[in-house]
Amino acid sequence: MKKEYMLYIRNKGDAKKALSPADHLAFVKQCEVYIGELKANDNLIAAQPIVREGVTINKSDNDWNIAAIDPDQEVQVGYYHLKADSLEEAIAIAKRNPEFAFVPSASIEVRPIKMKEEQTGFVYPKDDK
């Protein structure tokens with residue numbers, strides 16, 4: 001049975017801003033091919049880019065702190081929700097991501113998803129259309 005993984009795509013600053021319009025179009029097209037391959041191999045659950053705007057929130061004592069995301073720093077720019085037989089397969093899938101061919105500062109965090117609480121048996125909800 002395949003396990004689920006999240007690939008969190010990160011870039012330093014707006015790395016794609018330096019791409020020419022032709023290179024940016026080539027990047028987008030390679031992402032479409034990559035997504036098509038993941039779908040064809042039954043690895044893809046979802047994938048979306050993330051807009052560089054937003055906020056981070058945290059709580060200190062009883063106060064909420066809200067700070068704008070600084071797009072000039074390293075930011076998460078997208079994610080892939082995958083199915084894979086193992087962490088090694090998820091890593092192999094991540095290594096094929098077009099981000100690495102176009103953005104030298106790209107990094108991908110590969111994380112297994114916890115589907116169930118072992119202590120209580122609680123199964124986390126999932127949209128299985």
# chains A, B, ... in the order shown; residues from 1 in each chain; ligands from 1
$ residues_around --residues "segment 10-15 of chain A" --least-positions-apart "5" --cutoff "12 Å" --atoms "only C-alpha atoms" --output "VMD selection string"
chain A and resid 20 24 49 to 53 69 to 80 97 99 to 100 102 to 110
$ write_last_selection --atoms "N, CA and C atoms" --output "short mmCIF file (atom, residue, chain, number, x, y, z; two decimals), in the first residue's frame"
data_model
loop_
_atom_site.label_atom_id
_atom_site.label_comp_id
_atom_site.auth_asym_id
_atom_site.auth_seq_id
_atom_site.Cartn_x
_atom_site.Cartn_y
_atom_site.Cartn_z
N SER A 20 14.00 34.63 -18.12
CA SER A 20 13.42 35.33 -19.27
C SER A 20 12.00 34.81 -19.47
N HIS A 24 10.74 31.11 -18.44
CA HIS A 24 9.63 30.91 -17.51
C HIS A 24 8.55 30.03 -18.15
N PRO A 49 0.94 25.77 -7.00
CA PRO A 49 1.89 26.82 -6.59
C PRO A 49 1.24 27.65 -5.48
N ILE A 50 2.07 28.32 -4.71
CA ILE A 50 1.58 29.17 -3.63
C ILE A 50 2.03 30.60 -3.91
N VAL A 51 1.11 31.54 -3.80
CA VAL A 51 1.40 32.96 -4.02
C VAL A 51 2.34 33.44 -2.92
N ARG A 52 3.23 34.33 -3.25
CA ARG A 52 4.25 34.81 -2.31
C ARG A 52 3.72 35.79 -1.28
N GLU A 53 2.44 36.04 -1.28
CA GLU A 53 1.84 36.93 -0.30
C GLU A 53 1.28 36.10 0.84
N ILE A 69 4.70 37.81 5.15
CA ILE A 69 5.75 36.98 4.58
C ILE A 69 6.66 37.87 3.76
N ASP A 70 7.96 37.74 3.96
CA ASP A 70 8.93 38.52 3.21
C ASP A 70 9.34 37.74 1.97
N PRO A 71 8.86 38.16 0.79
CA PRO A 71 9.15 37.41 -0.43
C PRO A 71 10.62 37.46 -0.85
N ASP A 72 11.42 38.29 -0.19
CA ASP A 72 12.85 38.36 -0.51
C ASP A 72 13.65 37.31 0.27
N GLN A 73 13.02 36.65 1.22
CA GLN A 73 13.66 35.58 1.99
C GLN A 73 13.31 34.24 1.35
N GLU A 74 13.78 33.16 1.94
CA GLU A 74 13.38 31.84 1.46
C GLU A 74 11.90 31.64 1.80
N VAL A 75 11.12 31.26 0.79
CA VAL A 75 9.68 31.07 0.99
C VAL A 75 9.23 29.78 0.32
N GLN A 76 8.14 29.25 0.85
CA GLN A 76 7.52 28.10 0.21
C GLN A 76 6.76 28.61 -1.00
N VAL A 77 6.98 27.98 -2.15
CA VAL A 77 6.36 28.46 -3.39
C VAL A 77 5.40 27.45 -4.01
N GLY A 78 5.29 26.28 -3.39
CA GLY A 78 4.36 25.29 -3.91
C GLY A 78 4.45 23.99 -3.15
N TYR A 79 3.56 23.08 -3.50
CA TYR A 79 3.59 21.77 -2.86
C TYR A 79 3.09 20.71 -3.82
N TYR A 80 3.48 19.50 -3.55
CA TYR A 80 2.97 18.31 -4.22
C TYR A 80 2.55 17.34 -3.13
N ASN A 97 11.85 17.01 -10.05
CA ASN A 97 11.06 18.24 -10.14
C ASN A 97 11.79 19.28 -10.98
N GLU A 99 11.87 22.35 -10.85
CA GLU A 99 12.36 23.49 -10.07
C GLU A 99 13.90 23.49 -10.05
N PHE A 100 14.49 22.31 -9.93
CA PHE A 100 15.96 22.22 -9.83
C PHE A 100 16.66 22.63 -11.12
N PHE A 102 15.67 25.00 -13.16
CA PHE A 102 15.49 26.43 -13.46
C PHE A 102 15.86 27.35 -12.31
N VAL A 103 15.90 26.85 -11.08
CA VAL A 103 16.12 27.71 -9.92
C VAL A 103 17.26 27.12 -9.06
N PRO A 104 18.47 27.68 -9.17
CA PRO A 104 19.61 27.14 -8.43
C PRO A 104 19.41 27.11 -6.91
N SER A 105 18.59 28.01 -6.38
CA SER A 105 18.38 28.06 -4.92
C SER A 105 17.24 27.17 -4.45
N ALA A 106 16.63 26.42 -5.35
CA ALA A 106 15.47 25.60 -4.98
C ALA A 106 15.85 24.50 -3.99
N SER A 107 14.93 24.22 -3.11
CA SER A 107 15.05 23.06 -2.23
C SER A 107 13.66 22.45 -2.08
N ILE A 108 13.62 21.16 -1.81
CA ILE A 108 12.35 20.48 -1.62
C ILE A 108 12.43 19.68 -0.33
N GLU A 109 11.49 19.95 0.54
CA GLU A 109 11.36 19.21 1.79
C GLU A 109 10.42 18.03 1.52
N VAL A 110 10.84 16.82 1.79
CA VAL A 110 10.05 15.61 1.56
C VAL A 110 9.62 15.09 2.93
#
$ residues_around --residues "Ala92 of chain A" --least-positions-apart "4" --cutoff "12 Å" --atoms "only C-alpha atoms" --output "number ranges by chain"
A: 7, 38, 43, 82, 84-88, 96-97, 108, 110
$ write_last_selection --atoms "C-alpha atoms" --output "compact mmCIF listing (two decimals), in the first residue's frame"
# COMPACT_ATOMS: atom_id res chain seq x y z
CA LEU A 7 6.88 17.83 -1.12
CA LEU A 38 2.94 11.81 -11.69
CA ASN A 43 1.59 9.18 -7.65
CA LEU A 82 2.02 12.38 -3.41
CA ALA A 84 4.72 6.58 -3.01
CA ASP A 85 5.78 3.13 -1.85
CA SER A 86 8.58 4.53 0.34
CA LEU A 87 10.44 7.63 1.40
CA GLU A 88 13.14 6.68 -1.12
CA ARG A 96 12.89 14.98 -10.95
CA ASN A 97 11.06 18.24 -10.14
CA ILE A 108 12.35 20.48 -1.62
CA VAL A 110 10.05 15.61 1.56
$ atom_distance --atom1 "atom CA of Lys2 of chain A" --atom2 "atom CA of Tyr124 of chain A"
16.4 Å
$ select_by_dssp --residues "chain A" --states "strand (DSSP E or B)" --output "PyMOL selection string"
chain A and resi 3-12+44-49+55-60+63-68+74-84+107-112+116+123
$ atom_distance --atom1 "atom CA of Ala46 of chain A" --atom2 "atom CA of Pro98 of chain A"
16.4 Å
$ decode --residues "segment 97-121 of chain A" --atoms "C-alpha atoms" --output "compact mmCIF listing (two decimals), in the first residue's frame"
# COMPACT_ATOMS: atom_id res chain seq x y z
CA ASN A 97 11.06 18.24 -10.14
CA PRO A 98 11.72 20.92 -12.82
CA GLU A 99 12.36 23.49 -10.07
CA PHE A 100 15.96 22.22 -9.83
CA ALA A 101 16.63 22.78 -13.54
CA PHE A 102 15.49 26.43 -13.46
CA VAL A 103 16.12 27.71 -9.92
CA PRO A 104 19.61 27.14 -8.43
CA SER A 105 18.38 28.06 -4.92
CA ALA A 106 15.47 25.60 -4.98
CA SER A 107 15.05 23.06 -2.23
CA ILE A 108 12.35 20.48 -1.62
CA GLU A 109 11.36 19.21 1.79
CA VAL A 110 10.05 15.61 1.56
CA ARG A 111 7.79 14.66 4.48
CA PRO A 112 5.69 11.57 5.23
CA ILE A 113 2.09 12.30 6.16
CA LYS A 114 0.68 10.88 9.35
CA MET A 115 -2.60 9.22 8.44
CA LYS A 116 -3.64 7.86 11.83
CA GLU A 117 -2.97 8.34 15.54
CA GLU A 118 -1.55 5.08 16.85
CA GLN A 119 -2.58 5.73 20.48
CA THR A 120 -6.22 6.54 19.79
CA GLY A 121 -6.87 5.01 16.37
